[in-house]
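Quick look at protein26.txt (compact mmCIF, C-alpha atoms and all ligand atoms):
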# COMPACT_ATOMS: atom_id res chain seq x y z
CA MET A 529 103.41 111.10 103.41
CA GLY A 530 106.91 111.50 102.05
CA LYS A 531 108.06 109.96 98.83
CA LYS A 532 110.64 107.21 98.48
CA ILE A 533 112.99 108.46 95.82
CA PHE A 534 115.61 106.49 93.91
CA SER A 535 117.69 107.57 90.96
CA GLY A 536 121.00 106.68 89.37
CA VAL A 537 123.63 108.40 87.29
CA GLN A 538 126.34 106.57 85.35
CA PRO A 539 129.92 107.46 86.26
CA THR A 540 130.98 107.79 82.66
CA GLY A 541 132.53 111.25 82.86
CA ASN A 542 131.53 114.64 81.56
CA LEU A 543 128.39 115.23 83.59
CA HIS A 544 126.72 117.96 81.60
CA LEU A 545 123.95 120.50 81.62
CA GLY A 546 121.45 117.87 80.38
CA ASN A 547 122.19 115.66 83.41
CA TYR A 548 121.91 118.67 85.67
CA LEU A 549 118.70 120.19 84.31
CA GLY A 550 117.08 116.85 83.40
CA ALA A 551 117.87 115.02 86.63
CA ILE A 552 120.22 116.37 89.31
CA LYS A 553 118.43 119.70 89.82
CA ASN A 554 115.32 117.70 90.56
CA PHE A 555 117.24 115.42 92.97
CA VAL A 556 118.18 118.51 94.97
CA LYS A 557 114.58 119.69 95.14
CA LEU A 558 113.41 116.27 96.34
CA ASN A 559 116.29 116.10 98.84
CA ASN A 560 115.07 119.38 100.29
CA GLU A 561 111.47 118.25 100.84
CA ASP A 562 111.15 117.26 104.47
CA GLN A 563 109.49 113.86 104.45
CA ASN A 564 111.27 112.21 101.53
CA GLN A 565 113.67 109.29 101.76
CA CYS A 566 116.13 109.81 98.89
CA VAL A 567 118.65 107.34 97.50
CA PHE A 568 121.04 108.52 94.79
CA CYS A 569 123.20 105.85 93.26
CA VAL A 570 126.37 106.06 91.20
CA VAL A 571 125.58 103.21 88.84
CA ASP A 572 129.00 101.77 88.08
CA LEU A 573 127.55 98.37 87.13
CA HIS A 574 125.59 100.12 84.40
CA ALA A 575 128.70 102.00 83.28
CA ILE A 576 130.59 98.80 82.38
CA THR A 577 127.91 97.70 79.92
CA VAL A 578 130.17 99.53 77.47
CA ALA A 579 133.97 99.31 77.79
CA GLN A 580 135.49 101.58 80.46
CA ASP A 581 139.08 102.35 81.34
CA PRO A 582 139.32 101.10 84.98
CA LYS A 583 141.42 104.05 86.16
CA LYS A 584 139.08 106.58 84.57
CA LEU A 585 136.05 104.77 85.94
CA LYS A 586 137.35 105.27 89.46
CA ASP A 587 137.92 108.99 88.83
CA ASN A 588 134.47 109.30 87.29
CA ILE A 589 132.86 107.71 90.34
CA TYR A 590 134.41 110.43 92.50
CA GLU A 591 133.42 113.11 90.02
CA THR A 592 129.80 111.95 90.03
CA VAL A 593 129.63 111.98 93.83
CA ALA A 594 131.28 115.41 93.91
CA SER A 595 128.75 116.67 91.35
CA PHE A 596 125.84 115.46 93.47
CA ILE A 597 127.13 117.25 96.54
CA ALA A 598 128.24 120.38 94.71
CA SER A 599 124.76 120.64 93.17
CA GLY A 600 123.22 120.69 96.64
CA ILE A 601 122.39 117.11 97.63
CA ASP A 602 122.96 116.79 101.37
CA PRO A 603 124.77 113.51 102.13
CA GLU A 604 123.48 113.61 105.70
CA LYS A 605 119.91 113.58 104.46
CA SER A 606 120.12 111.48 101.29
CA ILE A 607 121.85 108.17 100.77
CA ILE A 608 124.66 108.43 98.20
CA PHE A 609 126.50 105.22 97.30
CA ASN A 610 127.92 103.20 94.47
CA GLN A 611 125.94 100.35 93.09
CA SER A 612 128.74 97.76 92.87
CA LYS A 613 129.24 97.91 96.63
CA VAL A 614 125.74 96.62 97.38
CA SER A 615 125.66 93.10 95.96
CA ALA A 616 121.89 92.84 96.33
CA HIS A 617 121.63 94.87 93.09
CA SER A 618 123.35 92.22 90.95
CA GLU A 619 121.66 89.35 92.73
CA THR A 620 118.20 90.84 92.33
CA ALA A 621 118.92 91.68 88.71
CA TRP A 622 119.57 87.99 88.01
CA ILE A 623 116.30 86.93 89.57
CA LEU A 624 114.40 89.64 87.71
CA SER A 625 116.06 88.67 84.45
CA CYS A 626 114.24 85.36 84.83
CA VAL A 627 110.97 87.30 85.11
CA ALA A 628 111.48 89.88 82.34
CA ARG A 629 110.72 88.72 78.79
CA MET A 630 112.99 88.98 75.74
CA GLY A 631 110.14 90.58 73.84
CA TRP A 632 110.02 93.45 76.33
CA LEU A 633 113.75 94.10 76.12
CA ASN A 634 113.69 93.89 72.34
CA ARG A 635 111.57 97.03 72.30
CA MET A 636 114.04 99.21 74.24
CA THR A 637 115.09 102.09 72.02
CA GLN A 638 118.16 102.98 74.08
CA PHE A 639 119.65 99.54 73.41
CA LYS A 640 118.99 99.97 69.70
CA GLU A 641 120.69 103.37 69.73
CA LYS A 642 123.66 102.29 71.82
CA ALA A 643 124.22 98.95 70.10
CA GLY A 644 124.13 100.62 66.69
CA LYS A 645 124.16 98.55 63.51
CA ASP A 646 126.14 95.61 64.84
CA LYS A 647 123.92 94.25 67.62
CA GLU A 648 125.79 90.94 67.65
CA LYS A 649 128.77 92.74 69.12
CA ALA A 650 126.90 94.50 71.93
CA SER A 651 127.46 93.13 75.44
CA ILE A 652 124.75 91.06 77.09
CA GLY A 653 124.92 93.60 79.92
CA LEU A 654 123.94 96.41 77.57
CA TYR A 655 120.91 94.39 76.52
CA SER A 656 119.78 93.47 80.03
CA TYR A 657 120.66 96.87 81.49
CA PRO A 658 116.99 97.85 82.10
CA VAL A 659 116.55 94.74 84.28
CA LEU A 660 119.41 95.87 86.52
CA MET A 661 117.79 99.29 86.61
CA ALA A 662 114.52 97.67 87.72
CA ALA A 663 116.40 95.87 90.52
CA ASP A 664 117.93 99.18 91.65
CA ILE A 665 114.53 100.78 91.93
CA LEU A 666 112.51 97.89 93.36
CA LEU A 667 114.95 97.02 96.16
CA TYR A 668 114.15 100.31 97.91
CA ASP A 669 110.32 100.18 97.62
CA THR A 670 110.73 103.31 95.54
CA THR A 671 107.60 105.36 94.90
CA HIS A 672 109.12 108.00 92.59
CA VAL A 673 112.04 108.03 90.17
CA PRO A 674 113.34 111.41 88.97
CA VAL A 675 114.95 110.97 85.55
CA GLY A 676 115.31 112.62 82.17
CA ASP A 677 112.87 111.85 79.41
CA ASP A 678 115.20 109.27 77.82
CA GLN A 679 114.64 106.87 80.76
CA LYS A 680 110.85 106.77 80.52
CA GLN A 681 110.73 103.49 78.62
CA HIS A 682 113.04 101.80 81.14
CA LEU A 683 110.71 102.83 83.94
CA GLU A 684 107.75 101.34 82.12
CA LEU A 685 109.71 98.11 81.86
CA CYS A 686 110.47 98.28 85.59
CA ARG A 687 106.75 98.51 86.32
CA ASP A 688 106.05 95.55 84.01
CA VAL A 689 108.71 93.44 85.75
CA ALA A 690 107.36 94.36 89.20
CA GLN A 691 103.81 93.54 88.16
CA LYS A 692 104.77 90.20 86.60
CA PHE A 693 106.78 89.18 89.68
CA ASN A 694 103.86 90.07 91.96
CA ASN A 695 101.49 88.06 89.75
CA ASP A 696 103.74 85.06 89.10
CA PHE A 697 104.47 84.52 92.79
CA ASN A 698 101.09 85.64 94.02
CA VAL A 699 102.50 88.37 96.24
CA ASP A 700 100.17 91.27 95.74
CA ASN A 701 101.90 94.64 96.13
CA PHE A 702 105.25 93.10 97.16
CA PHE A 703 107.07 95.24 94.64
CA LYS A 704 105.71 98.78 94.56
CA LEU A 705 105.07 100.20 91.10
CA PRO A 706 107.19 103.37 90.87
CA GLU A 707 106.11 106.59 89.19
CA PRO A 708 108.50 108.48 86.94
CA LEU A 709 109.18 112.11 87.85
CA ILE A 710 110.06 113.76 84.56
CA GLN A 711 110.22 117.52 84.08
CA LYS A 712 107.14 118.62 82.18
CA LYS A 713 109.03 121.07 80.02
CA PHE A 714 112.48 120.68 78.52
CA SER A 715 112.88 117.20 79.90
CA ARG A 716 115.43 116.62 77.13
CA ILE A 717 118.26 119.13 76.73
CA MET A 718 119.63 119.02 73.20
CA SER A 719 123.15 119.22 71.78
CA LEU A 720 124.52 122.74 71.23
CA ARG A 721 125.65 121.62 67.75
CA ASP A 722 122.40 119.99 66.65
CA GLY A 723 119.05 120.82 68.23
CA THR A 724 117.58 117.49 67.13
CA ASN A 725 120.05 115.32 69.09
CA LYS A 726 120.14 115.07 72.86
CA MET A 727 123.07 116.54 74.75
CA SER A 728 125.18 113.53 75.66
CA LYS A 729 128.40 112.46 77.34
CA SER A 730 129.33 110.36 74.37
CA GLU A 731 129.03 112.92 71.55
CA LEU A 732 132.48 113.40 70.05
CA SER A 733 132.51 117.19 69.99
CA ASP A 734 132.97 118.77 73.41
CA LEU A 735 131.40 121.91 71.93
CA SER A 736 128.07 120.04 71.89
CA ARG A 737 127.67 120.21 75.68
CA ILE A 738 128.29 122.34 78.74
CA ASN A 739 130.13 120.13 81.23
CA LEU A 740 129.58 120.75 84.92
CA THR A 741 133.36 121.05 85.25
CA ASP A 742 133.81 123.64 82.45
CA ASP A 743 135.31 126.97 83.43
CA LYS A 744 133.79 130.35 82.67
CA ASP A 745 135.64 130.90 79.38
CA GLN A 746 134.74 127.46 78.09
CA MET A 747 131.06 128.06 78.84
CA ILE A 748 131.04 131.47 77.15
CA ASN A 749 132.88 130.08 74.13
CA LYS A 750 130.51 127.12 73.77
CA ILE A 751 127.46 129.35 73.87
CA LYS A 752 129.07 131.71 71.35
CA LYS A 753 129.68 128.76 69.00
CA ALA A 754 126.29 127.12 69.65
CA LYS A 755 124.40 126.49 66.41
CA THR A 756 121.58 128.94 65.63
CA ASP A 757 119.59 130.06 62.61
CA THR A 758 119.54 133.43 60.91
CA LEU A 759 116.14 134.73 62.08
CA PRO A 760 115.56 137.04 65.03
CA LEU A 761 113.96 135.45 68.11
CA PRO A 762 110.23 134.80 67.63
CA PRO A 763 107.17 136.32 69.32
CA THR A 764 105.37 133.04 70.18
CA SER A 765 106.26 129.51 71.25
CA ALA A 766 104.50 128.08 68.17
CA ASP A 767 107.12 129.84 66.03
CA LEU A 768 109.86 127.97 67.89
CA GLU A 769 108.60 124.54 66.89
CA LYS A 770 110.46 124.54 63.57
CA ARG A 771 113.61 126.03 65.09
CA PRO A 772 115.12 123.31 67.30
CA GLU A 773 118.32 125.18 68.19
CA ALA A 774 116.50 128.37 69.19
CA LYS A 775 113.98 126.33 71.16
CA ASN A 776 116.72 124.45 73.01
CA LEU A 777 118.69 127.58 73.95
CA MET A 778 115.56 129.39 75.11
CA GLY A 779 114.55 126.28 77.05
CA ILE A 780 117.93 126.13 78.77
CA TYR A 781 117.65 129.81 79.69
CA SER A 782 114.11 129.35 81.06
CA THR A 783 114.98 126.23 83.05
CA LEU A 784 118.06 127.82 84.58
CA MET A 785 116.06 130.91 85.51
CA ASP A 786 113.05 128.85 86.70
CA VAL A 787 110.68 130.85 84.49
CA ASP A 788 108.16 129.87 81.81
CA LEU A 789 109.27 129.71 78.23
CA ASP A 790 106.68 132.40 77.38
CA ASN A 791 108.36 134.72 79.80
CA THR A 792 111.70 134.23 78.02
CA ILE A 793 110.05 134.65 74.62
CA ASN A 794 108.48 137.97 75.68
CA LYS A 795 111.82 139.19 76.94
CA PHE A 796 113.81 138.39 73.80
CA SER A 797 111.23 138.53 71.00
CA GLY A 798 112.63 140.36 67.95
CA LYS A 799 116.16 140.43 69.36
CA ASN A 800 119.04 138.73 67.61
CA PHE A 801 120.94 135.71 68.85
CA SER A 802 124.07 137.57 69.87
CA GLU A 803 122.21 139.59 72.48
CA PHE A 804 120.33 136.54 73.73
CA LYS A 805 123.52 134.48 73.90
CA GLU A 806 125.19 137.10 76.09
CA ASN A 807 122.32 136.82 78.55
CA LEU A 808 122.36 133.04 78.41
CA SER A 809 126.12 132.91 79.07
CA GLN A 810 125.67 135.18 82.04
CA VAL A 811 122.97 133.00 83.58
CA LEU A 812 125.03 129.87 82.95
CA VAL A 813 128.06 131.39 84.60
CA ASP A 814 125.97 132.59 87.57
CA LYS A 815 124.27 129.22 88.12
CA ILE A 816 126.81 126.62 87.02
CA ILE A 817 130.23 128.10 87.89
CA PRO A 818 129.61 127.87 91.66
CA ILE A 819 128.85 124.16 91.13
CA SER A 820 131.88 123.68 88.92
CA SER A 821 134.18 125.35 91.47
CA GLU A 822 132.75 123.25 94.28
CA ILE A 823 133.24 120.02 92.29
CA LYS A 824 136.91 120.89 91.78
CA LYS A 825 137.31 121.63 95.47
CA LEU A 826 135.61 118.40 96.57
CA LEU A 827 137.72 116.31 94.19
CA LYS A 828 140.80 117.34 96.15
CA ASP A 829 139.39 115.67 99.26
CA LYS A 830 139.04 111.97 98.38
CA ASN A 831 138.86 111.04 102.07
CA TYR A 832 135.70 113.04 102.44
CA LEU A 833 134.19 111.51 99.28
CA ASN A 834 135.14 107.99 100.44
CA GLN A 835 133.53 108.67 103.78
CA ILE A 836 130.28 109.67 102.09
CA LEU A 837 130.32 106.56 99.90
CA ASP A 838 131.08 104.26 102.85
CA ASN A 839 128.36 105.77 104.91
CA GLY A 840 125.87 105.58 102.03
CA HIS A 841 126.88 102.02 101.23
CA GLN A 842 126.07 100.87 104.77
CA LYS A 843 122.67 102.52 104.79
CA ALA A 844 121.80 101.27 101.30
CA ASP A 845 123.00 97.76 102.06
CA SER A 846 120.86 97.54 105.14
CA ILE A 847 117.69 98.37 103.15
CA ALA A 848 118.56 96.33 100.05
CA SER A 849 119.72 93.16 101.78
CA LYS A 850 116.47 92.93 103.75
CA LYS A 851 114.42 93.21 100.59
CA LEU A 852 116.62 90.66 98.82
CA LYS A 853 116.08 88.18 101.63
CA LYS A 854 112.33 88.44 101.12
CA ILE A 855 112.74 88.04 97.36
CA GLN A 856 114.80 84.89 97.90
CA GLU A 857 112.16 83.44 100.19
CA ILE A 858 109.42 84.20 97.68
CA VAL A 859 111.20 82.45 94.81
CA GLY A 860 111.94 79.40 96.99
CA PHE A 861 115.68 79.70 97.70
P1 LIG B 1 123.23 109.14 82.49
O1 LIG B 1 124.35 110.09 82.40
O2 LIG B 1 122.88 108.53 81.18
O3 LIG B 1 123.37 108.17 83.61
O4 LIG B 1 121.97 110.04 82.87
C1 LIG B 1 121.75 110.56 84.15
C2 LIG B 1 120.43 111.29 84.20
O5 LIG B 1 120.48 112.44 83.34
C3 LIG B 1 119.25 110.44 83.70
O6 LIG B 1 118.13 110.72 84.52
C4 LIG B 1 119.03 110.94 82.31
O7 LIG B 1 117.69 110.78 81.91
C5 LIG B 1 119.39 112.42 82.44
N1 LIG B 1 119.84 112.98 81.15
C6 LIG B 1 120.90 112.57 80.42
N2 LIG B 1 121.03 113.33 79.30
C7 LIG B 1 120.01 114.23 79.32
C8 LIG B 1 119.60 115.29 78.44
N3 LIG B 1 120.25 115.58 77.33
N4 LIG B 1 118.50 116.01 78.79
C9 LIG B 1 117.82 115.72 79.95
N5 LIG B 1 118.16 114.75 80.81
C10 LIG B 1 119.24 114.00 80.51
N1 LIG B 2 119.80 104.08 83.25
C1 LIG B 2 119.94 105.36 83.86
C2 LIG B 2 120.64 106.34 82.89
O1 LIG B 2 121.40 105.96 82.08
C3 LIG B 2 120.73 105.31 85.13
C4 LIG B 2 120.06 104.45 86.15
C5 LIG B 2 120.47 103.21 86.57
C6 LIG B 2 118.90 104.78 86.88
N2 LIG B 2 119.63 102.76 87.54
C7 LIG B 2 118.66 103.68 87.74
C8 LIG B 2 118.04 105.87 86.88
C9 LIG B 2 117.56 103.65 88.60
C10 LIG B 2 116.93 105.84 87.75
C11 LIG B 2 116.70 104.74 88.59
O2 LIG B 2 120.44 107.48 82.99

Represent the structure contained in this file as structure tokens.
Amino acid sequence: MGKKIFSGVQPTGNLHLGNYLGAIKNFVKLNNEDQNQCVFCVVDLHAITVAQDPKKLKDNIYETVASFIASGIDPEKSIIFNQSKVSAHSETAWILSCVARMGWLNRMTQFKEKAGKDKEKASIGLYSYPVLMAADILLYDTTHVPVGDDQKQHLELCRDVAQKFNNDFNVDNFFKLPEPLIQKKFSRIMSLRDGTNKMSKSELSDLSRINLTDDKDQMINKIKKAKTDTLPLPPTSADLEKRPEAKNLMGIYSTLMDVDLDNTINKFSGKNFSEFKENLSQVLVDKIIPISSEIKKLLKDKNYLNQILDNGHQKADSIASKKLKKIQEIVGF
């Protein structure tokens, strides 16, 4: 039996190596498995939980779609669409927000991080964001959700909401409980400037991340400037535990090469960072530059991107609106 896959990426610009290695690379693998039904959503409703410039948001939606396709997702095989076009997502989110409990949302660490010290000023959307994410997933009877490690807690919440809805309305198994698909190793790619912080779109310094749209010189320069320590590369993985930057760079190398970390450690043990960084830059250029060039090419053809989104929107809408109808019947509308 194939899997029913759903995942979302926010169109907030600067898709980076963390998004690619943590999520999109996995989307491509799942897209390529014969039996799977895959839905990949550009989650623009999630994006506006923090202020967005409307013009940039539009550009970022195109850039996200282009990144999906350039990375190898086949729009003929997988459904690619933007969330705001399928109104069932917002409608279901409202119903589920009457099922989810404040206490559950109060535990969400991403809200705490994003809202910062002044929670009173955070939008209500930012707070209820995981409920919308649950609606996204549950509308498609999703069995598996490929995401980075930072989304694990939101998926647990999604399962709790699904379970509570099924119990409250006595509809056993109506919502399927989805499983997270999180890379076992290096599920969290860290900043190039600080190995204890995750690589992120919102970090101020562009040197902290490799963007999927960076050119060759930018990539080489960022790896050259990436923070390291003064020791040579270690002989065992245990030695890496106290060296977050070295661990992150070796993890990136291993993930890009599809090899075990131990393999990378054996290859570079005792060598200094400059030699390792040259190898890492080379691999990055080999693997990511073809994607970056393809993104730039696709962005010149908005008609093609619009066609993909329209097509995806129709397919997604047909699945989601049927499920919403059943939800409405269950709650008594
Ligand atoms: P976002 O850009 O926040 O919508 O994230 C899109 C996907 O990329 C989600 O599955 C995230 O979990 C994943 N992701 C984001 N940043 C990282 C990172 N630094 N390492 C691994 N995965 C990440
Ligand atoms: N919250 C996710 C993120 O920031 C994006 C997202 C929205 C998502 N809806 C989803 C991921 C549904 C997986 C499934 O990365």

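Among the candidate residues A:Val699, A:Met778, A:Val787, A:Ile817, the one lying nearest to Phe801 (chain A) is A:Met778, with distances computed using only C-alpha atoms.
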
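Interatomic distance, CA of Lys851 (chain A) to CA of Lys613 (chain A): 16.0 Å.
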
What does the list of residues within 10 Å of ligand LIG 1 (chain B) look like if you count all atoms listed in the file, written as a PyMOL selection string? chain A and resi 535-555+569-572+574-575+592+673-680+709-711+714-719+725-730+737

Take the residues from that selection and write them out as a CSV table (one decimal), in the frame of the given file, keeping C-alpha atoms.
chain,number,residue,atom,x,y,z
A,535,SER,CA,117.7,107.6,91.0
A,536,GLY,CA,121.0,106.7,89.4
A,537,VAL,CA,123.6,108.4,87.3
A,538,GLN,CA,126.3,106.6,85.4
A,539,PRO,CA,129.9,107.5,86.3
A,540,THR,CA,131.0,107.8,82.7
A,541,GLY,CA,132.5,111.2,82.9
A,542,ASN,CA,131.5,114.6,81.6
A,543,LEU,CA,128.4,115.2,83.6
A,544,HIS,CA,126.7,118.0,81.6
A,545,LEU,CA,124.0,120.5,81.6
A,546,GLY,CA,121.4,117.9,80.4
A,547,ASN,CA,122.2,115.7,83.4
A,548,TYR,CA,121.9,118.7,85.7
A,549,LEU,CA,118.7,120.2,84.3
A,550,GLY,CA,117.1,116.8,83.4
A,551,ALA,CA,117.9,115.0,86.6
A,552,ILE,CA,120.2,116.4,89.3
A,553,LYS,CA,118.4,119.7,89.8
A,554,ASN,CA,115.3,117.7,90.6
A,555,PHE,CA,117.2,115.4,93.0
A,569,CYS,CA,123.2,105.8,93.3
A,570,VAL,CA,126.4,106.1,91.2
A,571,VAL,CA,125.6,103.2,88.8
A,572,ASP,CA,129.0,101.8,88.1
A,574,HIS,CA,125.6,100.1,84.4
A,575,ALA,CA,128.7,102.0,83.3
A,592,THR,CA,129.8,112.0,90.0
A,673,VAL,CA,112.0,108.0,90.2
A,674,PRO,CA,113.3,111.4,89.0
A,675,VAL,CA,115.0,111.0,85.6
A,676,GLY,CA,115.3,112.6,82.2
A,677,ASP,CA,112.9,111.8,79.4
A,678,ASP,CA,115.2,109.3,77.8
A,679,GLN,CA,114.6,106.9,80.8
A,680,LYS,CA,110.8,106.8,80.5
A,709,LEU,CA,109.2,112.1,87.8
A,710,ILE,CA,110.1,113.8,84.6
A,711,GLN,CA,110.2,117.5,84.1
A,714,PHE,CA,112.5,120.7,78.5
A,715,SER,CA,112.9,117.2,79.9
A,716,ARG,CA,115.4,116.6,77.1
A,717,ILE,CA,118.3,119.1,76.7
A,718,MET,CA,119.6,119.0,73.2
A,719,SER,CA,123.2,119.2,71.8
A,725,ASN,CA,120.0,115.3,69.1
A,726,LYS,CA,120.1,115.1,72.9
A,727,MET,CA,123.1,116.5,74.8
A,728,SER,CA,125.2,113.5,75.7
A,729,LYS,CA,128.4,112.5,77.3
A,730,SER,CA,129.3,110.4,74.4
A,737,ARG,CA,127.7,120.2,75.7

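If you measure from each of A:Tyr668, A:Phe693, A:Asn794, A:Gly600 to Ile623 (chain A) using all atoms listed in the file, the closest one turns out to be A:Phe693.
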
Would you compute the distance between CA of Lys584 (chain A) and CA of Phe534 (chain A)? Give it in Å to one decimal. 25.3 Å

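Excluding Lys799 (chain A) and any residue on its chain fewer than 6 positions from it, the residues at most 9 Å away by all atoms listed in the file are A:Pro760, A:Leu761, A:Pro762.
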
Put those residues in a file: C-alpha atoms, as a short mmCIF file (atom, residue, chain, number, x, y, z; two decimals), keeping the file's coordinate frame.
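Written output follows (again.cif):
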data_model
loop_
_atom_site.label_atom_id
_atom_site.label_comp_id
_atom_site.auth_asym_id
_atom_site.auth_seq_id
_atom_site.Cartn_x
_atom_site.Cartn_y
_atom_site.Cartn_z
CA PRO A 760 115.56 137.04 65.03
CA LEU A 761 113.96 135.45 68.11
CA PRO A 762 110.23 134.80 67.63
#

So which residues fall inside 12 Å of (124.4, 89.7, 75.2) if we count all atoms listed in the file? Mind giving them as an mmCIF file with C-alpha atoms, keeping the file's coordinate frame?
data_model
loop_
_atom_site.group_PDB
_atom_site.id
_atom_site.type_symbol
_atom_site.label_atom_id
_atom_site.label_comp_id
_atom_site.auth_asym_id
_atom_site.auth_seq_id
_atom_site.Cartn_x
_atom_site.Cartn_y
_atom_site.Cartn_z
ATOM 1 C CA THR A 577 127.910 97.700 79.920
ATOM 2 C CA VAL A 578 130.170 99.530 77.470
ATOM 3 C CA MET A 630 112.990 88.980 75.740
ATOM 4 C CA LEU A 633 113.750 94.100 76.120
ATOM 5 C CA ASN A 634 113.690 93.890 72.340
ATOM 6 C CA PHE A 639 119.650 99.540 73.410
ATOM 7 C CA ALA A 643 124.220 98.950 70.100
ATOM 8 C CA LYS A 647 123.920 94.250 67.620
ATOM 9 C CA GLU A 648 125.790 90.940 67.650
ATOM 10 C CA LYS A 649 128.770 92.740 69.120
ATOM 11 C CA ALA A 650 126.900 94.500 71.930
ATOM 12 C CA SER A 651 127.460 93.130 75.440
ATOM 13 C CA ILE A 652 124.750 91.060 77.090
ATOM 14 C CA GLY A 653 124.920 93.600 79.920
ATOM 15 C CA LEU A 654 123.940 96.410 77.570
ATOM 16 C CA TYR A 655 120.910 94.390 76.520
ATOM 17 C CA SER A 656 119.780 93.470 80.030
ATOM 18 C CA TYR A 657 120.660 96.870 81.490
#

Using all atoms listed in the file, determine which residues lie at most 10 Å from Gln810 (chain A), disregarding the query and same-chain residues fewer than 4 positions distant; provide the list as a PyMOL selection string. chain A and resi 744+747-748+781+804-806+814-816

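As for CA of Leu759 (chain A) and CA of Asn800 (chain A), they are spaced 7.4 Å apart.
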
Find the residues around Asn559 (chain A) up to 8 Å (only C-alpha atoms counted), leave out those fewer than 2 positions away in its own chain, and share them as a PyMOL selection string. chain A and resi 555-557+561-562+564-566+601-602+605-606

Taking all atoms listed in the file into account, name the residue in A:Asp581, A:Asp696, A:Glu769, A:Asp664 that is nearest to ligand LIG 2 (chain B). A:Asp664

As lines of an AutoDock Vina configuration file: centre and edge lengths in Å, one decimal, of the axis-aligned box holding region 654-669 of chain A with 3 Å per side:
center_x = 117.1
center_y = 97.1
center_z = 87.2
size_x = 19.6
size_y = 13.3
size_z = 27.4

So that I can check the surroundings of Val689 (chain A), please list as a short mmCIF file (atom, residue, chain, number, x, y, z; two decimals) with C-alpha atoms, in the coordinates of the input every protein, DNA and RNA residue that reaches within 9 Å of it, counting all atoms listed in the file and ignoring chain neighbours fewer than 2 positions away.
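Written output follows (result.cif):
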data_model
loop_
_atom_site.label_atom_id
_atom_site.label_comp_id
_atom_site.auth_asym_id
_atom_site.auth_seq_id
_atom_site.Cartn_x
_atom_site.Cartn_y
_atom_site.Cartn_z
CA LEU A 624 114.40 89.64 87.71
CA SER A 625 116.06 88.67 84.45
CA VAL A 627 110.97 87.30 85.11
CA ALA A 628 111.48 89.88 82.34
CA ARG A 629 110.72 88.72 78.79
CA VAL A 659 116.55 94.74 84.28
CA ALA A 662 114.52 97.67 87.72
CA GLU A 684 107.75 101.34 82.12
CA LEU A 685 109.71 98.11 81.86
CA CYS A 686 110.47 98.28 85.59
CA ARG A 687 106.75 98.51 86.32
CA GLN A 691 103.81 93.54 88.16
CA LYS A 692 104.77 90.20 86.60
CA PHE A 693 106.78 89.18 89.68
CA ASN A 694 103.86 90.07 91.96
#

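Once Asn831 (chain A) and its same-chain neighbours fewer than 6 positions away are set aside, Tyr590, Ala594, Leu837 and Asp838 of chain A remain within 12 Å of it when counting only C-alpha atoms.
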
Coords for region 567-589 of chain A, C-alpha atoms, as a PDB file, in the first residue's frame:
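This is the output file part-v1.pdb:
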ATOM      1  CA  VAL A 567       0.451  16.673  -1.703  1.00  0.00           C
ATOM      2  CA  PHE A 568       2.928  19.532  -1.268  1.00  0.00           C
ATOM      3  CA  CYS A 569       1.446  22.800  -0.152  1.00  0.00           C
ATOM      4  CA  VAL A 570       2.799  26.335  -0.247  1.00  0.00           C
ATOM      5  CA  VAL A 571       1.372  27.471   3.071  1.00  0.00           C
ATOM      6  CA  ASP A 572       0.687  31.147   2.475  1.00  0.00           C
ATOM      7  CA  LEU A 573      -1.940  31.280   5.245  1.00  0.00           C
ATOM      8  CA  HIS A 574       0.771  30.237   7.671  1.00  0.00           C
ATOM      9  CA  ALA A 575       3.145  32.845   6.250  1.00  0.00           C
ATOM     10  CA  ILE A 576       0.884  35.768   7.206  1.00  0.00           C
ATOM     11  CA  THR A 577       0.916  34.811  10.890  1.00  0.00           C
ATOM     12  CA  VAL A 578       3.828  37.260  10.939  1.00  0.00           C
ATOM     13  CA  ALA A 579       3.724  40.458   8.850  1.00  0.00           C
ATOM     14  CA  GLN A 580       4.543  39.986   5.154  1.00  0.00           C
ATOM     15  CA  ASP A 581       5.012  42.481   2.358  1.00  0.00           C
ATOM     16  CA  PRO A 582       2.203  41.525  -0.097  1.00  0.00           C
ATOM     17  CA  LYS A 583       4.361  41.980  -3.199  1.00  0.00           C
ATOM     18  CA  LYS A 584       7.191  39.905  -1.753  1.00  0.00           C
ATOM     19  CA  LEU A 585       4.760  37.242  -0.589  1.00  0.00           C
ATOM     20  CA  LYS A 586       3.609  36.740  -4.156  1.00  0.00           C
ATOM     21  CA  ASP A 587       7.215  36.426  -5.384  1.00  0.00           C
ATOM     22  CA  ASN A 588       8.002  34.010  -2.569  1.00  0.00           C
ATOM     23  CA  ILE A 589       5.057  31.802  -3.497  1.00  0.00           C
TER      24      ILE A 589
END
